[in-house]
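Content type mmCIF, N, CA and C atoms, from the file my_file.cif:
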```cif
data_start
#
loop_
_atom_site.label_atom_id
_atom_site.label_comp_id
_atom_site.auth_asym_id
_atom_site.auth_seq_id
_atom_site.Cartn_x
_atom_site.Cartn_y
_atom_site.Cartn_z
N MET A 8 76.85 32.71 234.37
CA MET A 8 76.07 33.60 235.21
C MET A 8 76.17 35.01 234.64
N LEU A 9 75.04 35.65 234.44
CA LEU A 9 74.98 37.01 233.91
C LEU A 9 75.55 37.98 234.93
N GLY A 10 76.53 38.77 234.51
CA GLY A 10 77.10 39.80 235.37
C GLY A 10 78.35 39.40 236.13
N GLY A 11 78.45 38.16 236.57
CA GLY A 11 79.63 37.71 237.30
C GLY A 11 80.71 37.22 236.36
N THR A 12 81.97 37.27 236.82
CA THR A 12 83.05 36.76 235.98
C THR A 12 83.24 35.27 236.25
N LYS A 13 83.50 34.56 235.20
CA LYS A 13 83.78 33.13 235.32
C LYS A 13 85.22 32.94 235.79
N GLU A 14 85.57 31.74 236.17
CA GLU A 14 86.92 31.42 236.62
C GLU A 14 87.93 31.59 235.48
N ALA A 15 89.15 31.95 235.85
CA ALA A 15 90.23 32.06 234.86
C ALA A 15 90.54 30.66 234.31
N ARG A 16 90.85 30.62 233.02
CA ARG A 16 91.14 29.35 232.35
C ARG A 16 92.04 29.61 231.15
N ASP A 17 92.53 28.52 230.54
CA ASP A 17 93.30 28.63 229.31
C ASP A 17 92.39 29.09 228.18
N LEU A 18 92.97 29.72 227.17
CA LEU A 18 92.19 30.19 226.02
C LEU A 18 92.02 29.10 224.99
N THR A 19 90.90 29.14 224.29
CA THR A 19 90.71 28.26 223.14
C THR A 19 91.47 28.89 221.97
N ALA A 20 91.64 28.14 220.90
CA ALA A 20 92.31 28.67 219.70
C ALA A 20 91.55 29.87 219.15
N GLU A 21 90.22 29.81 219.17
CA GLU A 21 89.39 30.92 218.68
C GLU A 21 89.60 32.17 219.54
N GLU A 22 89.66 32.00 220.85
CA GLU A 22 89.88 33.14 221.75
C GLU A 22 91.27 33.75 221.55
N LYS A 23 92.28 32.89 221.37
CA LYS A 23 93.64 33.40 221.11
C LYS A 23 93.66 34.24 219.85
N SER A 24 92.97 33.78 218.82
CA SER A 24 92.91 34.51 217.57
C SER A 24 92.20 35.85 217.76
N PHE A 25 91.11 35.85 218.50
CA PHE A 25 90.37 37.09 218.79
C PHE A 25 91.25 38.09 219.53
N VAL A 26 91.94 37.65 220.57
CA VAL A 26 92.79 38.54 221.37
C VAL A 26 93.97 39.04 220.53
N THR A 27 94.58 38.16 219.78
CA THR A 27 95.70 38.57 218.92
C THR A 27 95.23 39.62 217.90
N GLY A 28 93.98 39.54 217.49
CA GLY A 28 93.42 40.50 216.54
C GLY A 28 93.30 41.92 217.08
N VAL A 29 93.32 42.08 218.40
CA VAL A 29 93.24 43.42 219.00
C VAL A 29 94.58 43.84 219.62
N ARG A 30 95.66 43.16 219.20
CA ARG A 30 96.99 43.45 219.75
C ARG A 30 97.34 44.94 219.66
N ALA A 31 97.13 45.55 218.51
CA ALA A 31 97.50 46.97 218.33
C ALA A 31 96.76 47.85 219.33
N LYS A 32 95.49 47.54 219.60
CA LYS A 32 94.70 48.32 220.56
C LYS A 32 95.21 48.10 221.98
N VAL A 33 95.61 46.87 222.31
CA VAL A 33 96.18 46.58 223.63
C VAL A 33 97.49 47.35 223.80
N GLU A 34 98.35 47.30 222.78
CA GLU A 34 99.64 47.99 222.87
C GLU A 34 99.44 49.50 222.99
N GLU A 35 98.46 50.03 222.30
CA GLU A 35 98.18 51.48 222.40
C GLU A 35 97.82 51.84 223.83
N LYS A 36 96.93 51.06 224.46
CA LYS A 36 96.53 51.31 225.85
C LYS A 36 97.69 51.08 226.82
N ALA A 37 98.60 50.17 226.45
CA ALA A 37 99.75 49.86 227.31
C ALA A 37 100.84 50.92 227.20
N GLY A 38 100.73 51.78 226.22
CA GLY A 38 101.71 52.85 226.07
C GLY A 38 102.84 52.55 225.11
N GLY A 39 102.74 51.47 224.35
CA GLY A 39 103.76 51.15 223.36
C GLY A 39 103.80 49.68 223.04
N ALA A 40 104.65 49.34 222.08
CA ALA A 40 104.76 47.96 221.60
C ALA A 40 105.27 47.04 222.72
N LEU A 41 104.74 45.82 222.74
CA LEU A 41 105.17 44.80 223.69
C LEU A 41 106.18 43.89 223.01
N ALA A 42 107.19 43.45 223.75
CA ALA A 42 108.24 42.59 223.19
C ALA A 42 107.67 41.27 222.66
N ALA A 43 106.62 40.79 223.31
CA ALA A 43 105.94 39.56 222.89
C ALA A 43 104.46 39.75 223.16
N PHE A 44 103.64 38.84 222.65
CA PHE A 44 102.19 38.95 222.84
C PHE A 44 101.60 37.55 222.81
N GLU A 45 101.56 36.90 223.97
CA GLU A 45 101.07 35.53 224.06
C GLU A 45 99.96 35.47 225.11
N PRO A 46 98.68 35.47 224.68
CA PRO A 46 97.58 35.34 225.64
C PRO A 46 97.67 33.99 226.35
N VAL A 47 97.65 34.00 227.69
CA VAL A 47 97.85 32.76 228.44
C VAL A 47 96.67 32.37 229.33
N GLN A 48 95.80 33.33 229.64
CA GLN A 48 94.67 33.03 230.53
C GLN A 48 93.54 34.01 230.23
N ILE A 49 92.30 33.56 230.47
CA ILE A 49 91.14 34.41 230.18
C ILE A 49 90.05 34.19 231.22
N ARG A 50 89.31 35.25 231.49
CA ARG A 50 88.07 35.20 232.27
C ARG A 50 87.02 35.91 231.44
N ALA A 51 85.78 35.52 231.55
CA ALA A 51 84.71 36.17 230.79
C ALA A 51 83.61 36.64 231.72
N GLN A 52 82.97 37.73 231.33
CA GLN A 52 81.83 38.28 232.05
C GLN A 52 80.76 38.60 231.01
N THR A 53 79.59 37.98 231.15
CA THR A 53 78.50 38.23 230.21
C THR A 53 77.75 39.48 230.63
N VAL A 54 77.73 40.45 229.72
CA VAL A 54 77.00 41.71 229.92
C VAL A 54 76.22 41.92 228.63
N ALA A 55 76.09 43.15 228.14
CA ALA A 55 75.50 43.38 226.82
C ALA A 55 76.62 43.09 225.83
N GLY A 56 76.87 41.82 225.62
CA GLY A 56 78.06 41.32 224.91
C GLY A 56 78.89 40.58 225.94
N THR A 57 80.20 40.63 225.81
CA THR A 57 81.08 39.94 226.75
C THR A 57 82.29 40.79 227.06
N ASN A 58 82.62 40.88 228.35
CA ASN A 58 83.89 41.46 228.77
C ASN A 58 84.87 40.31 228.94
N TYR A 59 86.04 40.44 228.35
CA TYR A 59 87.09 39.45 228.51
C TYR A 59 88.23 40.10 229.29
N PHE A 60 88.70 39.40 230.29
CA PHE A 60 89.87 39.81 231.05
C PHE A 60 90.96 38.81 230.67
N VAL A 61 92.05 39.30 230.10
CA VAL A 61 93.04 38.42 229.50
C VAL A 61 94.42 38.70 230.08
N LYS A 62 95.11 37.65 230.52
CA LYS A 62 96.51 37.74 230.95
C LYS A 62 97.37 37.45 229.73
N ILE A 63 98.28 38.38 229.43
CA ILE A 63 99.10 38.28 228.24
C ILE A 63 100.57 38.33 228.63
N SER A 64 101.35 37.34 228.19
CA SER A 64 102.80 37.37 228.39
C SER A 64 103.37 38.37 227.40
N ALA A 65 104.08 39.39 227.95
CA ALA A 65 104.65 40.44 227.11
C ALA A 65 106.14 40.25 226.90
N GLY A 66 106.67 39.08 227.28
CA GLY A 66 108.09 38.78 227.11
C GLY A 66 108.92 39.24 228.30
N GLU A 67 110.09 38.66 228.43
CA GLU A 67 111.06 39.01 229.47
C GLU A 67 110.46 38.94 230.87
N GLY A 68 109.55 37.99 231.11
CA GLY A 68 108.94 37.80 232.42
C GLY A 68 107.89 38.83 232.78
N LYS A 69 107.50 39.66 231.83
CA LYS A 69 106.51 40.71 232.08
C LYS A 69 105.14 40.28 231.54
N TYR A 70 104.10 40.75 232.23
CA TYR A 70 102.73 40.44 231.84
C TYR A 70 101.89 41.69 231.84
N VAL A 71 100.86 41.70 231.03
CA VAL A 71 99.83 42.73 231.06
C VAL A 71 98.48 42.02 231.18
N HIS A 72 97.52 42.72 231.77
CA HIS A 72 96.15 42.24 231.81
C HIS A 72 95.32 43.22 230.99
N ALA A 73 94.50 42.70 230.09
CA ALA A 73 93.68 43.54 229.23
C ALA A 73 92.21 43.25 229.47
N ARG A 74 91.42 44.32 229.49
CA ARG A 74 89.96 44.20 229.56
C ARG A 74 89.43 44.55 228.18
N ILE A 75 88.83 43.57 227.51
CA ILE A 75 88.35 43.73 226.14
C ILE A 75 86.84 43.51 226.13
N HIS A 76 86.12 44.46 225.57
CA HIS A 76 84.66 44.32 225.46
C HIS A 76 84.31 43.93 224.03
N LYS A 77 83.59 42.83 223.91
CA LYS A 77 83.10 42.38 222.60
C LYS A 77 81.58 42.53 222.63
N PRO A 78 81.06 43.56 221.92
CA PRO A 78 79.61 43.78 221.93
C PRO A 78 78.88 42.71 221.13
N LEU A 79 77.56 42.70 221.27
CA LEU A 79 76.75 41.74 220.53
C LEU A 79 76.91 41.96 219.02
N SER A 80 77.10 43.21 218.62
CA SER A 80 77.40 43.51 217.22
C SER A 80 78.38 44.68 217.19
N GLY A 81 79.24 44.69 216.21
CA GLY A 81 80.23 45.75 216.10
C GLY A 81 81.61 45.26 216.50
N GLU A 82 82.53 46.21 216.52
CA GLU A 82 83.94 45.90 216.77
C GLU A 82 84.26 45.84 218.26
N PRO A 83 85.18 44.97 218.67
CA PRO A 83 85.60 44.93 220.07
C PRO A 83 86.41 46.17 220.43
N THR A 84 86.37 46.53 221.70
CA THR A 84 87.16 47.66 222.20
C THR A 84 88.01 47.20 223.37
N VAL A 85 89.19 47.77 223.49
CA VAL A 85 90.05 47.51 224.63
C VAL A 85 89.76 48.62 225.63
N ALA A 86 89.09 48.26 226.72
CA ALA A 86 88.65 49.24 227.70
C ALA A 86 89.77 49.67 228.62
N ALA A 87 90.67 48.76 228.96
CA ALA A 87 91.75 49.09 229.89
C ALA A 87 92.85 48.04 229.80
N VAL A 88 94.06 48.45 230.18
CA VAL A 88 95.21 47.54 230.24
C VAL A 88 96.00 47.86 231.51
N LYS A 89 96.33 46.82 232.26
CA LYS A 89 97.19 46.95 233.44
C LYS A 89 98.58 46.45 233.06
N THR A 90 99.60 47.24 233.30
CA THR A 90 100.97 46.88 232.95
C THR A 90 101.80 46.67 234.20
N GLY A 91 103.06 46.23 234.00
CA GLY A 91 103.98 46.04 235.11
C GLY A 91 103.65 44.86 235.99
N LEU A 92 103.03 43.84 235.43
CA LEU A 92 102.60 42.67 236.20
C LEU A 92 103.54 41.50 235.97
N ALA A 93 103.43 40.51 236.85
CA ALA A 93 104.23 39.29 236.77
C ALA A 93 103.30 38.09 236.61
N ASP A 94 103.87 36.94 236.32
CA ASP A 94 103.10 35.71 236.16
C ASP A 94 102.29 35.41 237.42
N ALA A 95 102.81 35.73 238.59
CA ALA A 95 102.15 35.44 239.86
C ALA A 95 100.91 36.31 240.09
N ASP A 96 100.77 37.42 239.35
CA ASP A 96 99.61 38.30 239.54
C ASP A 96 98.36 37.63 238.98
N GLU A 97 97.38 37.43 239.86
CA GLU A 97 96.15 36.74 239.50
C GLU A 97 95.30 37.59 238.57
N LEU A 98 94.73 36.94 237.57
CA LEU A 98 93.83 37.60 236.64
C LEU A 98 92.48 37.80 237.34
N GLN A 99 92.08 39.06 237.50
CA GLN A 99 90.84 39.39 238.18
C GLN A 99 90.06 40.43 237.40
N TYR A 100 88.80 40.61 237.81
CA TYR A 100 87.98 41.69 237.27
C TYR A 100 88.65 43.02 237.60
N PHE A 101 88.65 43.96 236.66
CA PHE A 101 89.09 45.32 236.96
C PHE A 101 88.33 46.30 236.09
N GLU A 102 88.23 47.52 236.58
CA GLU A 102 87.49 48.58 235.89
C GLU A 102 88.32 49.20 234.79
N ALA A 103 87.63 49.84 233.88
CA ALA A 103 88.28 50.56 232.78
C ALA A 103 88.93 51.83 233.30
#
```
Would you mind writing the structure in this file as structure tokens?
Amino acid sequence: MLGGTKEARDLTAEEKSFVTGVRAKVEEKAGGALAAFEPVQIRAQTVAGTNYFVKISAGEGKYVHARIHKPLSGEPTVAAVKTGLADADELQYFEA
């Protein structure tokens, strides 16, 4: 559905590779290096390109949620990162 976010789900190998490829940008938005970086869940929103909302295990029971925009052409950007989260925090749509 155009504009709405799809349900959260596990990542494909291709999606894990894509998210891992923007790790430095996620860490920059998070304010520093993360102890670990394991994408565990994803939601997608089709816009002019795709917004990805990703739950990432940052190690030691900590999680971050990243909003990554992948345009139809060009490089992806990390629009926002929420820190200080736990596994129980549901992955949802959030603004930049």
Which neighbours of Asp17 in chain A fall inside 6.5 Å, counting only N, CA and C atoms, when residues of the same chain fewer than 5 positions from it are skipped, and could you give them as a ChimeraX atom specification? /A:47-49
Residues near Ala55 in chain A, cut-off 8 Å, all atoms listed in the file, skip fewer than 3 positions along chain, as an mmCIF file with N, CA and C atoms, in the frame of the given file:
```cif
data_model
loop_
_atom_site.group_PDB
_atom_site.id
_atom_site.type_symbol
_atom_site.label_atom_id
_atom_site.label_comp_id
_atom_site.auth_asym_id
_atom_site.auth_seq_id
_atom_site.Cartn_x
_atom_site.Cartn_y
_atom_site.Cartn_z
ATOM 1 N N GLY A 10 76.530 38.770 234.510
ATOM 2 C CA GLY A 10 77.100 39.800 235.370
ATOM 3 C C GLY A 10 78.350 39.400 236.130
ATOM 4 N N GLN A 52 82.970 37.730 231.330
ATOM 5 C CA GLN A 52 81.830 38.280 232.050
ATOM 6 C C GLN A 52 80.760 38.600 231.010
ATOM 7 N N ASN A 58 82.620 40.880 228.350
ATOM 8 C CA ASN A 58 83.890 41.460 228.770
ATOM 9 C C ASN A 58 84.870 40.310 228.940
ATOM 10 N N HIS A 76 86.120 44.460 225.570
ATOM 11 C CA HIS A 76 84.660 44.320 225.460
ATOM 12 C C HIS A 76 84.310 43.930 224.030
ATOM 13 N N LYS A 77 83.590 42.830 223.910
ATOM 14 C CA LYS A 77 83.100 42.380 222.600
ATOM 15 C C LYS A 77 81.580 42.530 222.630
ATOM 16 N N PRO A 78 81.060 43.560 221.920
ATOM 17 C CA PRO A 78 79.610 43.780 221.930
ATOM 18 C C PRO A 78 78.880 42.710 221.130
ATOM 19 N N LEU A 79 77.560 42.700 221.270
ATOM 20 C CA LEU A 79 76.750 41.740 220.530
ATOM 21 C C LEU A 79 76.910 41.960 219.020
ATOM 22 N N SER A 80 77.100 43.210 218.620
ATOM 23 C CA SER A 80 77.400 43.510 217.220
ATOM 24 C C SER A 80 78.380 44.680 217.190
#
```
Choose the residue, out of A:Ile63, A:Ala31, A:Leu18, A:Val88, that has the smallest atom-to-atom separation from Ala51 in chain A; count only C-alpha atoms.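 Of A:Ile63, A:Ala31, A:Leu18, A:Val88, the one nearest Ala51 in chain A is A:Leu18, counting only C-alpha atoms.
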Å distance separating CA of Glu34 in chain A from CA of Thr53 in chain A, one decimal place: 24.4 Å
When you count all atoms listed in the file, which of these residues is closest to Lys69 in chain A: A:Glu21, A:Glu45, A:Asp94, A:Glu82?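 Answer, going by the shortest atom-to-atom distance: A:Asp94.
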DSSP on the backbone, then: every residue of chain A marked helix (DSSP H, G or I), written as a PyMOL selection string. chain A and resi 20-27+30-37
What does the distance between CA of Val29 in chain A and atom N of Ala42 in chain A come to in Å, to one decimal place?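 Rounded to one decimal, the two atoms are 14.7 Å apart.
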Residue IDs satisfying the PyMOL selection byres ((chain A and resi 89) around 6), as a PDB file with N, CA and C atoms, in the coordinates of the input:
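For reference, result_8.pdb as written:
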```pdb
ATOM      1  N   TYR A  70     104.100  40.750 232.230  1.00  0.00           N
ATOM      2  CA  TYR A  70     102.730  40.440 231.840  1.00  0.00           C
ATOM      3  C   TYR A  70     101.890  41.690 231.840  1.00  0.00           C
ATOM      4  N   VAL A  71     100.860  41.700 231.030  1.00  0.00           N
ATOM      5  CA  VAL A  71      99.830  42.730 231.060  1.00  0.00           C
ATOM      6  C   VAL A  71      98.480  42.020 231.180  1.00  0.00           C
ATOM      7  N   HIS A  72      97.520  42.720 231.770  1.00  0.00           N
ATOM      8  CA  HIS A  72      96.150  42.240 231.810  1.00  0.00           C
ATOM      9  C   HIS A  72      95.320  43.220 230.990  1.00  0.00           C
ATOM     10  N   ALA A  73      94.500  42.700 230.090  1.00  0.00           N
ATOM     11  CA  ALA A  73      93.680  43.540 229.230  1.00  0.00           C
ATOM     12  C   ALA A  73      92.210  43.250 229.470  1.00  0.00           C
ATOM     13  N   ALA A  87      90.670  48.760 228.960  1.00  0.00           N
ATOM     14  CA  ALA A  87      91.750  49.090 229.890  1.00  0.00           C
ATOM     15  C   ALA A  87      92.850  48.040 229.800  1.00  0.00           C
ATOM     16  N   VAL A  88      94.060  48.450 230.180  1.00  0.00           N
ATOM     17  CA  VAL A  88      95.210  47.540 230.240  1.00  0.00           C
ATOM     18  C   VAL A  88      96.000  47.860 231.510  1.00  0.00           C
ATOM     19  N   THR A  90      99.600  47.240 233.300  1.00  0.00           N
ATOM     20  CA  THR A  90     100.970  46.880 232.950  1.00  0.00           C
ATOM     21  C   THR A  90     101.800  46.670 234.200  1.00  0.00           C
ATOM     22  N   GLY A  91     103.060  46.230 234.000  1.00  0.00           N
ATOM     23  CA  GLY A  91     103.980  46.040 235.110  1.00  0.00           C
ATOM     24  C   GLY A  91     103.650  44.860 235.990  1.00  0.00           C
ATOM     25  N   LEU A  92     103.030  43.840 235.430  1.00  0.00           N
ATOM     26  CA  LEU A  92     102.600  42.670 236.200  1.00  0.00           C
ATOM     27  C   LEU A  92     103.540  41.500 235.970  1.00  0.00           C
TER      28      LEU A  92
END
```
Give the answer as one residue: which of A:Phe60, A:Glu67, A:Ala37, A:Val85 has the shortest atom-to-atom distance to Tyr100 in chain A, using only C-alpha atoms?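 Counting only C-alpha atoms, the residue closest to Tyr100 in chain A is A:Phe60.
Here CA of Thr84 in chain A is placed at a distance of 21.3 Å from CA of Arg16 in chain A.
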Which residue of A:Pro83, A:Gly11, A:Gly56, A:Gly66 approaches Phe44 in chain A most closely, using only C-alpha atoms: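 Nearest candidate to Phe44 in chain A out of A:Pro83, A:Gly11, A:Gly56, A:Gly66: A:Gly66.
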From the DSSP assignment of the backbone, select every residue of chain A that is strand (DSSP E), and format the answer as a PyMOL selection string. chain A and resi 45-54+56-66+69-77+84-92
